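Chemist: Have a look at the structure that comes next, please.
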Number of protein chains: 2
Amino acid sequence: MTHLPVDPAMSEPLTSADAMERRLRHIGATRYHSRHPFHHMLHGGKLTKGQVQAWALNRYYYQSSIPIKDAVVLSRFRDRDIRLEWRHRIEDHDGHIGGEGGIERWLKLTDGLGLDRAFVDSGLGILPATRFAVDAYVNFVGVKSPLEAIASSLTELFAPNLHEERIAGMLKHYDFINPSVMTYFQRRLEQAPRDAGFALDFVRQHAQTPEQRQQVCDALTFKTNVLWVQLDALYHAYVSGFPPPGVFRPEGA
Amino acid sequence: MTHLPVDPAMSEPLTSADAMERRLRHIGATRYHSRHPFHHMLHGGKLTKGQVQAWALNRYYYQSSIPIKDAVVLSRFRDRDIRLEWRHRIEDHDGHIGGEGGIERWLKLTDGLGLDRAFVDSGLGILPATRFAVDAYVNFVGVKSPLEAIASSLTELFAPNLHEERIAGMLKHYDFINPSVMTYFQRRLEQAPRDAGFALDFVRQHAQTPEQRQQVCDALTFKTNVLWVQLDALYHAYVSGFPPPGVFRPEGA
């Protein structure tokens with residue numbers, strides 16, 4: 001008697017790379033945050049501007065931690081080829097001197113929503129659950145095996161569909177959203193498939209035992225939890241209406 | 001324009017130990033999880049047995065991580081006297097060979113609620129937010145200064161009132177609760193004041209600049225967030241009715 005939901009698809013033995021990939025795609029289909037009610041509201045035009053602000057503000061802490069996370073991943077490998085491959089992720093997010101990257105593009109979104117850049121960048125006002133979840137991700141890639149560190153990025157397999165839905169839905173439904181503030185997602189439509197392809201090839205090649213394949217699947221499940229927790233916290237604070245002490249309050253709320 | 005709630009009591013300069021203690025007590029009065037709606041429901045008899053199970057199951061992950069956290073704190077001090085003082089916290093929770101400690105007493109509560117011990121102890125089925133918050137606490141005491149590590153335990157200043165309210169409320173309102181499963185809280189009524197007294201004396205003595213006093217206050221705020229996030233997640237999953245994928249589901253839910 002474990003009181004846990006039973007999912008028969010999770011019991012196929014992980015005897016091959018193909019079986020592992022099937023499991024990974026099943027985890028994505030059942031746990032990726034594209035299924036979260038907050039995203040349905042966000043993309044369906046059901047949120048107020050203040051709620052969208054809260055999402056963009058909190059998500060900035062995630063975005064701005066990604067190059068830090070990727071630097072930790074990079075530090076785990078003595079193999080220069082892998083470091084070279086992984087380094088472009090840091091470049092994608094941080095950009096180059098005089099050139100914008102993903103973090104800068106995210107700030108265009110928060111600018112467009114009327115949030116002060118210094119406030120966004122400070123992290124003051126984000127939900128504590130956002131910080132705990134994101135920091136858990138950065139810690140994970142430092143303390144787990146290099147294989148698991150790479151596997152935890154596999155949510156990118158499922159990102160392009162979500163981003164397409166987001167771009168279309170937000171442009172359609174919100175008068176405070178225009179294409180110039182959505183360039184982050186536009187750009188990720190090209191970047192994420194390349195990154196996901198490398199990571200999937202890597203885990204297929206390097207997870208050589210059922211135990212290692214299970215670790216890969218568990219790393220993806222962990223990462224889906226990192227994403228899901230952030231939306232649960234946003235929903236509870238700004239949709240259900242229970243903001244914890246000391247966090248961002250939209251004007252008029 | 002920061003969109004943050006303003007609290008004038010938080011702007012008194014931290015020029016003395018007394019000013020710091022006033023601030024600490026104000027943080028407790030405004031942020032301690034005794035104020036959380038989930039606790040009001042728990043103590044007021046408003047929860048189902050399944051919701052109380054979910055609380056006890058998740059809180060077990062917190063309880064069972066406390067001696068690990070305290071071992072990390074202990075490891076930060078070269079001063080043997082502090083280590084000797086702190087060690088009794090590990091003993092309080094782990095007990096002695098053949099003798100029960102706080103973790104064992106918590107398992108009496110989960111036993112009494114009809115939960116399987118192996119399931120509780122496995123951590124399978126807990127909310128991801130519980131794990132992220134608790135792990136953040138364990139990490140905090142390892143990476144922050146020893147002063148902040150000790151300061152983060154200061155929530156114990158506010159625990160006895162909460163425990164008294166809990167014992168009385170739960171015994172009164174729930175037919176599935178009896179005194180024999182509430183020994184954890186009964187015992188903490190004696191232990192927490194001693195522990196809190198040591199920690200408060202320590203930070204009063206060792207925080208000697210306004211910056212250090214601010215760090216002490218921030219450490220307490222961090223810890224109140226660790227506790228609050230756990231109840232927010234329980235409320236969202238089991239009161240609002242949005243359990244995330246893969247977690248404990250009470251029978252009949």
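Letters A, B, ... mark the chains of the structure tokens in the order given; residue numbers begin at 1 per chain; ligand numbers begin at 1, in order shown.
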Please identify all residues of chain B having at least one atom at most 7 Å from any atom of chain A, considering only C-alpha atoms, and return them as a count of residues only.

Modeler: 22

Chemist: Hey, could you lay chain B over chain A with a least-squares C-alpha fit (all atoms, paired in order) and save it as a PDB file with C-alpha atoms, in the first residue's frame?

Modeler:
```pdb
ATOM      1  CA  MET B   1       0.027   0.047  -0.011  1.00  0.00           C
ATOM      2  CA  THR B   2       2.083   2.963  -1.223  1.00  0.00           C
ATOM      3  CA  HIS B   3      -0.651   5.459  -2.093  1.00  0.00           C
ATOM      4  CA  LEU B   4       1.193   6.301  -5.289  1.00  0.00           C
ATOM      5  CA  PRO B   5      -0.360   6.537  -8.741  1.00  0.00           C
ATOM      6  CA  VAL B   6       0.539   3.482 -10.847  1.00  0.00           C
ATOM      7  CA  ASP B   7       1.739   3.993 -14.424  1.00  0.00           C
ATOM      8  CA  PRO B   8       2.312   0.723 -16.355  1.00  0.00           C
ATOM      9  CA  ALA B   9       4.434   2.532 -18.960  1.00  0.00           C
ATOM     10  CA  MET B  10       7.038   3.112 -16.239  1.00  0.00           C
ATOM     11  CA  SER B  11       7.685  -0.590 -15.732  1.00  0.00           C
ATOM     12  CA  GLU B  12       9.122  -1.539 -19.140  1.00  0.00           C
ATOM     13  CA  PRO B  13      12.681  -2.740 -18.467  1.00  0.00           C
ATOM     14  CA  LEU B  14      15.373  -0.327 -19.614  1.00  0.00           C
ATOM     15  CA  THR B  15      17.299  -2.885 -21.624  1.00  0.00           C
ATOM     16  CA  SER B  16      18.231  -0.652 -24.545  1.00  0.00           C
ATOM     17  CA  ALA B  17      18.738   2.945 -25.604  1.00  0.00           C
ATOM     18  CA  ASP B  18      15.448   2.756 -27.487  1.00  0.00           C
ATOM     19  CA  ALA B  19      13.571   1.598 -24.377  1.00  0.00           C
ATOM     20  CA  MET B  20      15.144   4.470 -22.467  1.00  0.00           C
ATOM     21  CA  GLU B  21      14.157   6.984 -25.113  1.00  0.00           C
ATOM     22  CA  ARG B  22      10.579   5.702 -25.046  1.00  0.00           C
ATOM     23  CA  ARG B  23      10.576   6.187 -21.257  1.00  0.00           C
ATOM     24  CA  LEU B  24      12.028   9.666 -21.563  1.00  0.00           C
ATOM     25  CA  ARG B  25       9.345  10.667 -24.033  1.00  0.00           C
ATOM     26  CA  HIS B  26       6.681   9.193 -21.758  1.00  0.00           C
ATOM     27  CA  ILE B  27       8.009  11.234 -18.820  1.00  0.00           C
ATOM     28  CA  GLY B  28       7.809  14.312 -21.004  1.00  0.00           C
ATOM     29  CA  ALA B  29       4.250  13.496 -22.069  1.00  0.00           C
ATOM     30  CA  THR B  30       3.079  13.023 -18.467  1.00  0.00           C
ATOM     31  CA  ARG B  31       5.209  15.426 -16.436  1.00  0.00           C
ATOM     32  CA  TYR B  32       6.450  18.300 -18.595  1.00  0.00           C
ATOM     33  CA  HIS B  33       5.061  21.649 -17.494  1.00  0.00           C
ATOM     34  CA  SER B  34       3.254  22.154 -20.784  1.00  0.00           C
ATOM     35  CA  ARG B  35       0.508  20.240 -18.926  1.00  0.00           C
ATOM     36  CA  HIS B  36       0.354  22.663 -16.026  1.00  0.00           C
ATOM     37  CA  PRO B  37      -2.871  24.667 -15.496  1.00  0.00           C
ATOM     38  CA  PHE B  38      -0.864  27.886 -15.117  1.00  0.00           C
ATOM     39  CA  HIS B  39       0.462  27.503 -18.665  1.00  0.00           C
ATOM     40  CA  HIS B  40      -3.007  26.787 -19.991  1.00  0.00           C
ATOM     41  CA  MET B  41      -4.133  30.070 -18.440  1.00  0.00           C
ATOM     42  CA  LEU B  42      -1.035  31.941 -19.668  1.00  0.00           C
ATOM     43  CA  HIS B  43      -1.419  30.784 -23.256  1.00  0.00           C
ATOM     44  CA  GLY B  44      -5.191  31.034 -23.279  1.00  0.00           C
ATOM     45  CA  GLY B  45      -5.291  34.689 -22.275  1.00  0.00           C
ATOM     46  CA  LYS B  46      -6.778  33.968 -18.859  1.00  0.00           C
ATOM     47  CA  LEU B  47      -4.192  35.847 -16.782  1.00  0.00           C
ATOM     48  CA  THR B  48      -4.113  39.494 -15.769  1.00  0.00           C
ATOM     49  CA  LYS B  49      -1.094  41.608 -16.625  1.00  0.00           C
ATOM     50  CA  GLY B  50      -0.047  41.407 -12.963  1.00  0.00           C
ATOM     51  CA  GLN B  51      -0.090  37.605 -13.091  1.00  0.00           C
ATOM     52  CA  VAL B  52       1.974  37.622 -16.290  1.00  0.00           C
ATOM     53  CA  GLN B  53       4.408  40.012 -14.565  1.00  0.00           C
ATOM     54  CA  ALA B  54       4.718  37.589 -11.642  1.00  0.00           C
ATOM     55  CA  TRP B  55       5.460  34.753 -14.061  1.00  0.00           C
ATOM     56  CA  ALA B  56       8.105  36.717 -16.005  1.00  0.00           C
ATOM     57  CA  LEU B  57       9.717  38.023 -12.792  1.00  0.00           C
ATOM     58  CA  ASN B  58      10.019  34.587 -11.217  1.00  0.00           C
ATOM     59  CA  ARG B  59      11.045  32.887 -14.429  1.00  0.00           C
ATOM     60  CA  TYR B  60      13.866  35.405 -14.776  1.00  0.00           C
ATOM     61  CA  TYR B  61      15.528  33.818 -11.759  1.00  0.00           C
ATOM     62  CA  TYR B  62      15.418  30.506 -13.606  1.00  0.00           C
ATOM     63  CA  GLN B  63      16.696  31.991 -16.878  1.00  0.00           C
ATOM     64  CA  SER B  64      19.518  33.890 -15.231  1.00  0.00           C
ATOM     65  CA  SER B  65      20.652  30.763 -13.368  1.00  0.00           C
ATOM     66  CA  ILE B  66      20.931  28.636 -16.513  1.00  0.00           C
ATOM     67  CA  PRO B  67      24.416  29.800 -17.573  1.00  0.00           C
ATOM     68  CA  ILE B  68      25.559  29.209 -13.982  1.00  0.00           C
ATOM     69  CA  LYS B  69      24.090  25.709 -14.149  1.00  0.00           C
ATOM     70  CA  ASP B  70      25.732  25.125 -17.522  1.00  0.00           C
ATOM     71  CA  ALA B  71      29.102  26.302 -16.204  1.00  0.00           C
ATOM     72  CA  VAL B  72      28.806  23.678 -13.461  1.00  0.00           C
ATOM     73  CA  VAL B  73      27.961  21.011 -16.060  1.00  0.00           C
ATOM     74  CA  LEU B  74      30.922  22.103 -18.188  1.00  0.00           C
ATOM     75  CA  SER B  75      33.186  21.846 -15.137  1.00  0.00           C
ATOM     76  CA  ARG B  76      32.346  18.154 -14.758  1.00  0.00           C
ATOM     77  CA  PHE B  77      34.035  17.088 -18.002  1.00  0.00           C
ATOM     78  CA  ARG B  78      37.726  16.568 -18.675  1.00  0.00           C
ATOM     79  CA  ASP B  79      36.807  15.868 -22.310  1.00  0.00           C
ATOM     80  CA  ARG B  80      37.487  19.098 -24.184  1.00  0.00           C
ATOM     81  CA  ASP B  81      35.096  18.230 -27.032  1.00  0.00           C
ATOM     82  CA  ILE B  82      32.198  18.033 -24.626  1.00  0.00           C
ATOM     83  CA  ARG B  83      33.241  21.283 -22.982  1.00  0.00           C
ATOM     84  CA  LEU B  84      33.372  22.993 -26.395  1.00  0.00           C
ATOM     85  CA  GLU B  85      29.928  21.654 -27.254  1.00  0.00           C
ATOM     86  CA  TRP B  86      28.452  22.667 -23.905  1.00  0.00           C
ATOM     87  CA  ARG B  87      30.035  26.112 -23.884  1.00  0.00           C
ATOM     88  CA  HIS B  88      27.728  27.403 -26.595  1.00  0.00           C
ATOM     89  CA  ARG B  89      24.856  27.069 -24.109  1.00  0.00           C
ATOM     90  CA  ILE B  90      26.519  29.626 -21.864  1.00  0.00           C
ATOM     91  CA  GLU B  91      27.057  31.819 -24.903  1.00  0.00           C
ATOM     92  CA  ASP B  92      23.425  31.428 -25.966  1.00  0.00           C
ATOM     93  CA  HIS B  93      22.233  32.750 -22.604  1.00  0.00           C
ATOM     94  CA  ASP B  94      24.918  35.293 -21.745  1.00  0.00           C
ATOM     95  CA  GLY B  95      25.527  36.502 -25.294  1.00  0.00           C
ATOM     96  CA  HIS B  96      28.799  38.235 -26.175  1.00  0.00           C
ATOM     97  CA  ILE B  97      30.305  41.598 -25.282  1.00  0.00           C
ATOM     98  CA  GLY B  98      28.128  44.088 -27.077  1.00  0.00           C
ATOM     99  CA  GLY B  99      25.708  41.372 -28.255  1.00  0.00           C
ATOM    100  CA  GLU B 100      22.555  40.196 -26.558  1.00  0.00           C
ATOM    101  CA  GLY B 101      21.863  36.678 -25.289  1.00  0.00           C
ATOM    102  CA  GLY B 102      18.875  34.876 -23.842  1.00  0.00           C
ATOM    103  CA  ILE B 103      18.972  36.702 -20.504  1.00  0.00           C
ATOM    104  CA  GLU B 104      18.925  40.058 -22.259  1.00  0.00           C
ATOM    105  CA  ARG B 105      16.002  38.897 -24.398  1.00  0.00           C
ATOM    106  CA  TRP B 106      14.133  37.850 -21.257  1.00  0.00           C
ATOM    107  CA  LEU B 107      14.659  41.346 -19.842  1.00  0.00           C
ATOM    108  CA  LYS B 108      13.002  42.743 -22.976  1.00  0.00           C
ATOM    109  CA  LEU B 109       9.956  40.768 -21.939  1.00  0.00           C
ATOM    110  CA  THR B 110      10.018  42.117 -18.373  1.00  0.00           C
ATOM    111  CA  ASP B 111      10.663  45.627 -19.755  1.00  0.00           C
ATOM    112  CA  GLY B 112       7.640  45.245 -21.996  1.00  0.00           C
ATOM    113  CA  LEU B 113       5.582  44.218 -18.991  1.00  0.00           C
ATOM    114  CA  GLY B 114       6.582  47.416 -17.167  1.00  0.00           C
ATOM    115  CA  LEU B 115       8.888  45.861 -14.579  1.00  0.00           C
ATOM    116  CA  ASP B 116      11.968  47.728 -13.403  1.00  0.00           C
ATOM    117  CA  ARG B 117      15.164  46.030 -14.612  1.00  0.00           C
ATOM    118  CA  ALA B 118      17.097  46.520 -11.380  1.00  0.00           C
ATOM    119  CA  PHE B 119      14.197  45.039  -9.438  1.00  0.00           C
ATOM    120  CA  VAL B 120      13.933  42.045 -11.767  1.00  0.00           C
ATOM    121  CA  ASP B 121      17.661  41.454 -11.692  1.00  0.00           C
ATOM    122  CA  SER B 122      17.855  41.728  -7.889  1.00  0.00           C
ATOM    123  CA  GLY B 123      15.689  38.672  -7.337  1.00  0.00           C
ATOM    124  CA  LEU B 124      13.935  40.561  -4.533  1.00  0.00           C
ATOM    125  CA  GLY B 125      10.288  39.753  -4.658  1.00  0.00           C
ATOM    126  CA  ILE B 126      10.525  36.308  -6.237  1.00  0.00           C
ATOM    127  CA  LEU B 127       8.744  33.404  -4.594  1.00  0.00           C
ATOM    128  CA  PRO B 128      10.935  31.412  -2.193  1.00  0.00           C
ATOM    129  CA  ALA B 129       9.786  28.244  -3.968  1.00  0.00           C
ATOM    130  CA  THR B 130      11.258  29.575  -7.227  1.00  0.00           C
ATOM    131  CA  ARG B 131      14.625  30.062  -5.558  1.00  0.00           C
ATOM    132  CA  PHE B 132      14.600  26.645  -3.882  1.00  0.00           C
ATOM    133  CA  ALA B 133      13.663  24.836  -7.098  1.00  0.00           C
ATOM    134  CA  VAL B 134      16.192  26.654  -9.283  1.00  0.00           C
ATOM    135  CA  ASP B 135      18.982  26.314  -6.731  1.00  0.00           C
ATOM    136  CA  ALA B 136      18.170  22.595  -6.481  1.00  0.00           C
ATOM    137  CA  TYR B 137      18.800  22.350 -10.229  1.00  0.00           C
ATOM    138  CA  VAL B 138      22.178  24.096  -9.991  1.00  0.00           C
ATOM    139  CA  ASN B 139      23.147  21.811  -7.087  1.00  0.00           C
ATOM    140  CA  PHE B 140      21.944  18.701  -8.893  1.00  0.00           C
ATOM    141  CA  VAL B 141      24.343  19.078 -11.806  1.00  0.00           C
ATOM    142  CA  GLY B 142      27.242  19.568  -9.391  1.00  0.00           C
ATOM    143  CA  VAL B 143      26.665  16.575  -7.140  1.00  0.00           C
ATOM    144  CA  LYS B 144      25.157  13.944  -9.438  1.00  0.00           C
ATOM    145  CA  SER B 145      27.126  12.079 -12.107  1.00  0.00           C
ATOM    146  CA  PRO B 146      28.085  13.921 -15.319  1.00  0.00           C
ATOM    147  CA  LEU B 147      25.648  11.621 -17.138  1.00  0.00           C
ATOM    148  CA  GLU B 148      22.789  12.756 -14.900  1.00  0.00           C
ATOM    149  CA  ALA B 149      23.903  16.378 -15.207  1.00  0.00           C
ATOM    150  CA  ILE B 150      23.463  16.199 -18.964  1.00  0.00           C
ATOM    151  CA  ALA B 151      20.271  14.145 -18.727  1.00  0.00           C
ATOM    152  CA  SER B 152      18.611  16.840 -16.605  1.00  0.00           C
ATOM    153  CA  SER B 153      18.657  19.151 -19.632  1.00  0.00           C
ATOM    154  CA  LEU B 154      16.474  16.775 -21.661  1.00  0.00           C
ATOM    155  CA  THR B 155      13.320  18.798 -21.005  1.00  0.00           C
ATOM    156  CA  GLU B 156      14.506  20.734 -24.046  1.00  0.00           C
ATOM    157  CA  LEU B 157      13.170  17.850 -26.134  1.00  0.00           C
ATOM    158  CA  PHE B 158       9.698  19.102 -25.292  1.00  0.00           C
ATOM    159  CA  ALA B 159      10.285  22.865 -25.293  1.00  0.00           C
ATOM    160  CA  PRO B 160       9.701  23.810 -28.952  1.00  0.00           C
ATOM    161  CA  ASN B 161       6.034  22.772 -28.986  1.00  0.00           C
ATOM    162  CA  LEU B 162       5.463  24.701 -25.777  1.00  0.00           C
ATOM    163  CA  HIS B 163       7.220  27.785 -27.128  1.00  0.00           C
ATOM    164  CA  GLU B 164       5.237  27.758 -30.361  1.00  0.00           C
ATOM    165  CA  GLU B 165       2.015  27.544 -28.388  1.00  0.00           C
ATOM    166  CA  ARG B 166       3.206  30.327 -26.084  1.00  0.00           C
ATOM    167  CA  ILE B 167       4.193  32.725 -28.860  1.00  0.00           C
ATOM    168  CA  ALA B 168       0.911  32.281 -30.704  1.00  0.00           C
ATOM    169  CA  GLY B 169      -1.244  32.340 -27.569  1.00  0.00           C
ATOM    170  CA  MET B 170       0.314  35.328 -25.888  1.00  0.00           C
ATOM    171  CA  LEU B 171       0.400  37.452 -29.047  1.00  0.00           C
ATOM    172  CA  LYS B 172      -3.223  36.641 -29.721  1.00  0.00           C
ATOM    173  CA  HIS B 173      -4.622  37.191 -26.260  1.00  0.00           C
ATOM    174  CA  TYR B 174      -2.707  40.009 -24.557  1.00  0.00           C
ATOM    175  CA  ASP B 175      -2.670  43.605 -25.755  1.00  0.00           C
ATOM    176  CA  PHE B 176       0.439  44.216 -23.621  1.00  0.00           C
ATOM    177  CA  ILE B 177       2.437  41.602 -25.591  1.00  0.00           C
ATOM    178  CA  ASN B 178       3.975  42.252 -29.022  1.00  0.00           C
ATOM    179  CA  PRO B 179       6.504  40.350 -31.154  1.00  0.00           C
ATOM    180  CA  SER B 180       9.465  42.475 -29.999  1.00  0.00           C
ATOM    181  CA  VAL B 181       9.164  41.203 -26.410  1.00  0.00           C
ATOM    182  CA  MET B 182       8.792  37.569 -27.503  1.00  0.00           C
ATOM    183  CA  THR B 183      12.208  37.216 -29.160  1.00  0.00           C
ATOM    184  CA  TYR B 184      13.457  34.975 -26.355  1.00  0.00           C
ATOM    185  CA  PHE B 185      11.017  32.227 -27.311  1.00  0.00           C
ATOM    186  CA  GLN B 186      11.457  32.808 -31.046  1.00  0.00           C
ATOM    187  CA  ARG B 187      15.181  32.270 -30.667  1.00  0.00           C
ATOM    188  CA  ARG B 188      14.790  29.168 -28.500  1.00  0.00           C
ATOM    189  CA  LEU B 189      12.822  27.517 -31.328  1.00  0.00           C
ATOM    190  CA  GLU B 190      16.163  27.191 -33.145  1.00  0.00           C
ATOM    191  CA  GLN B 191      18.465  26.641 -30.161  1.00  0.00           C
ATOM    192  CA  ALA B 192      16.564  24.041 -28.139  1.00  0.00           C
ATOM    193  CA  PRO B 193      16.370  21.286 -30.805  1.00  0.00           C
ATOM    194  CA  ARG B 194      20.117  21.415 -31.402  1.00  0.00           C
ATOM    195  CA  ASP B 195      20.807  21.259 -27.662  1.00  0.00           C
ATOM    196  CA  ALA B 196      18.288  18.502 -27.051  1.00  0.00           C
ATOM    197  CA  GLY B 197      19.672  16.479 -29.933  1.00  0.00           C
ATOM    198  CA  PHE B 198      23.172  16.531 -28.485  1.00  0.00           C
ATOM    199  CA  ALA B 199      21.965  15.616 -24.988  1.00  0.00           C
ATOM    200  CA  LEU B 200      19.773  12.769 -26.241  1.00  0.00           C
ATOM    201  CA  ASP B 201      22.593  11.314 -28.349  1.00  0.00           C
ATOM    202  CA  PHE B 202      24.913  11.630 -25.366  1.00  0.00           C
ATOM    203  CA  VAL B 203      22.686   9.746 -22.917  1.00  0.00           C
ATOM    204  CA  ARG B 204      21.801   7.104 -25.510  1.00  0.00           C
ATOM    205  CA  GLN B 205      25.503   6.449 -26.005  1.00  0.00           C
ATOM    206  CA  HIS B 206      26.764   6.739 -22.421  1.00  0.00           C
ATOM    207  CA  ALA B 207      24.004   5.113 -20.377  1.00  0.00           C
ATOM    208  CA  GLN B 208      25.067   1.529 -20.930  1.00  0.00           C
ATOM    209  CA  THR B 209      23.378  -0.380 -18.106  1.00  0.00           C
ATOM    210  CA  PRO B 210      19.733  -0.513 -16.966  1.00  0.00           C
ATOM    211  CA  GLU B 211      20.840   1.283 -13.778  1.00  0.00           C
ATOM    212  CA  GLN B 212      22.416   4.132 -15.720  1.00  0.00           C
ATOM    213  CA  ARG B 213      19.360   4.373 -17.972  1.00  0.00           C
ATOM    214  CA  GLN B 214      17.219   4.588 -14.844  1.00  0.00           C
ATOM    215  CA  GLN B 215      19.428   7.407 -13.572  1.00  0.00           C
ATOM    216  CA  VAL B 216      18.922   9.256 -16.840  1.00  0.00           C
ATOM    217  CA  CYS B 217      15.145   8.898 -16.526  1.00  0.00           C
ATOM    218  CA  ASP B 218      15.226   9.983 -12.885  1.00  0.00           C
ATOM    219  CA  ALA B 219      17.270  13.047 -13.824  1.00  0.00           C
ATOM    220  CA  LEU B 220      14.630  14.048 -16.349  1.00  0.00           C
ATOM    221  CA  THR B 221      11.877  13.476 -13.773  1.00  0.00           C
ATOM    222  CA  PHE B 222      13.797  15.624 -11.300  1.00  0.00           C
ATOM    223  CA  LYS B 223      14.010  18.403 -13.874  1.00  0.00           C
ATOM    224  CA  THR B 224      10.299  18.225 -14.684  1.00  0.00           C
ATOM    225  CA  ASN B 225       9.745  18.703 -10.938  1.00  0.00           C
ATOM    226  CA  VAL B 226      11.986  21.796 -10.961  1.00  0.00           C
ATOM    227  CA  LEU B 227       9.764  23.306 -13.639  1.00  0.00           C
ATOM    228  CA  TRP B 228       6.425  22.140 -12.198  1.00  0.00           C
ATOM    229  CA  VAL B 229       7.140  23.452  -8.699  1.00  0.00           C
ATOM    230  CA  GLN B 230       7.696  26.931 -10.111  1.00  0.00           C
ATOM    231  CA  LEU B 231       4.260  26.967 -11.734  1.00  0.00           C
ATOM    232  CA  ASP B 232       2.545  25.440  -8.693  1.00  0.00           C
ATOM    233  CA  ALA B 233       3.995  28.253  -6.588  1.00  0.00           C
ATOM    234  CA  LEU B 234       2.875  30.913  -9.084  1.00  0.00           C
ATOM    235  CA  TYR B 235      -0.609  29.436  -9.229  1.00  0.00           C
ATOM    236  CA  HIS B 236      -0.953  29.252  -5.448  1.00  0.00           C
ATOM    237  CA  ALA B 237       0.365  32.776  -4.885  1.00  0.00           C
ATOM    238  CA  TYR B 238      -1.176  34.671  -7.791  1.00  0.00           C
ATOM    239  CA  VAL B 239      -4.173  32.652  -9.030  1.00  0.00           C
ATOM    240  CA  SER B 240      -5.441  31.075  -5.785  1.00  0.00           C
ATOM    241  CA  GLY B 241      -4.407  34.316  -4.070  1.00  0.00           C
ATOM    242  CA  PHE B 242      -2.021  33.253  -1.318  1.00  0.00           C
ATOM    243  CA  PRO B 243       1.187  35.244  -1.854  1.00  0.00           C
ATOM    244  CA  PRO B 244       3.721  34.362   0.842  1.00  0.00           C
ATOM    245  CA  PRO B 245       5.160  37.132   3.041  1.00  0.00           C
ATOM    246  CA  GLY B 246       7.467  39.630   1.382  1.00  0.00           C
ATOM    247  CA  VAL B 247       6.993  38.817  -2.315  1.00  0.00           C
ATOM    248  CA  PHE B 248       6.079  40.851  -5.406  1.00  0.00           C
ATOM    249  CA  ARG B 249       2.573  42.257  -5.385  1.00  0.00           C
ATOM    250  CA  PRO B 250       1.155  43.387  -8.703  1.00  0.00           C
ATOM    251  CA  GLU B 251      -0.280  46.903  -8.697  1.00  0.00           C
ATOM    252  CA  GLY B 252      -3.900  46.882  -7.651  1.00  0.00           C
ATOM    253  CA  ALA B 253      -3.585  43.435  -6.056  1.00  0.00           C
TER     254      ALA B 253
END
```
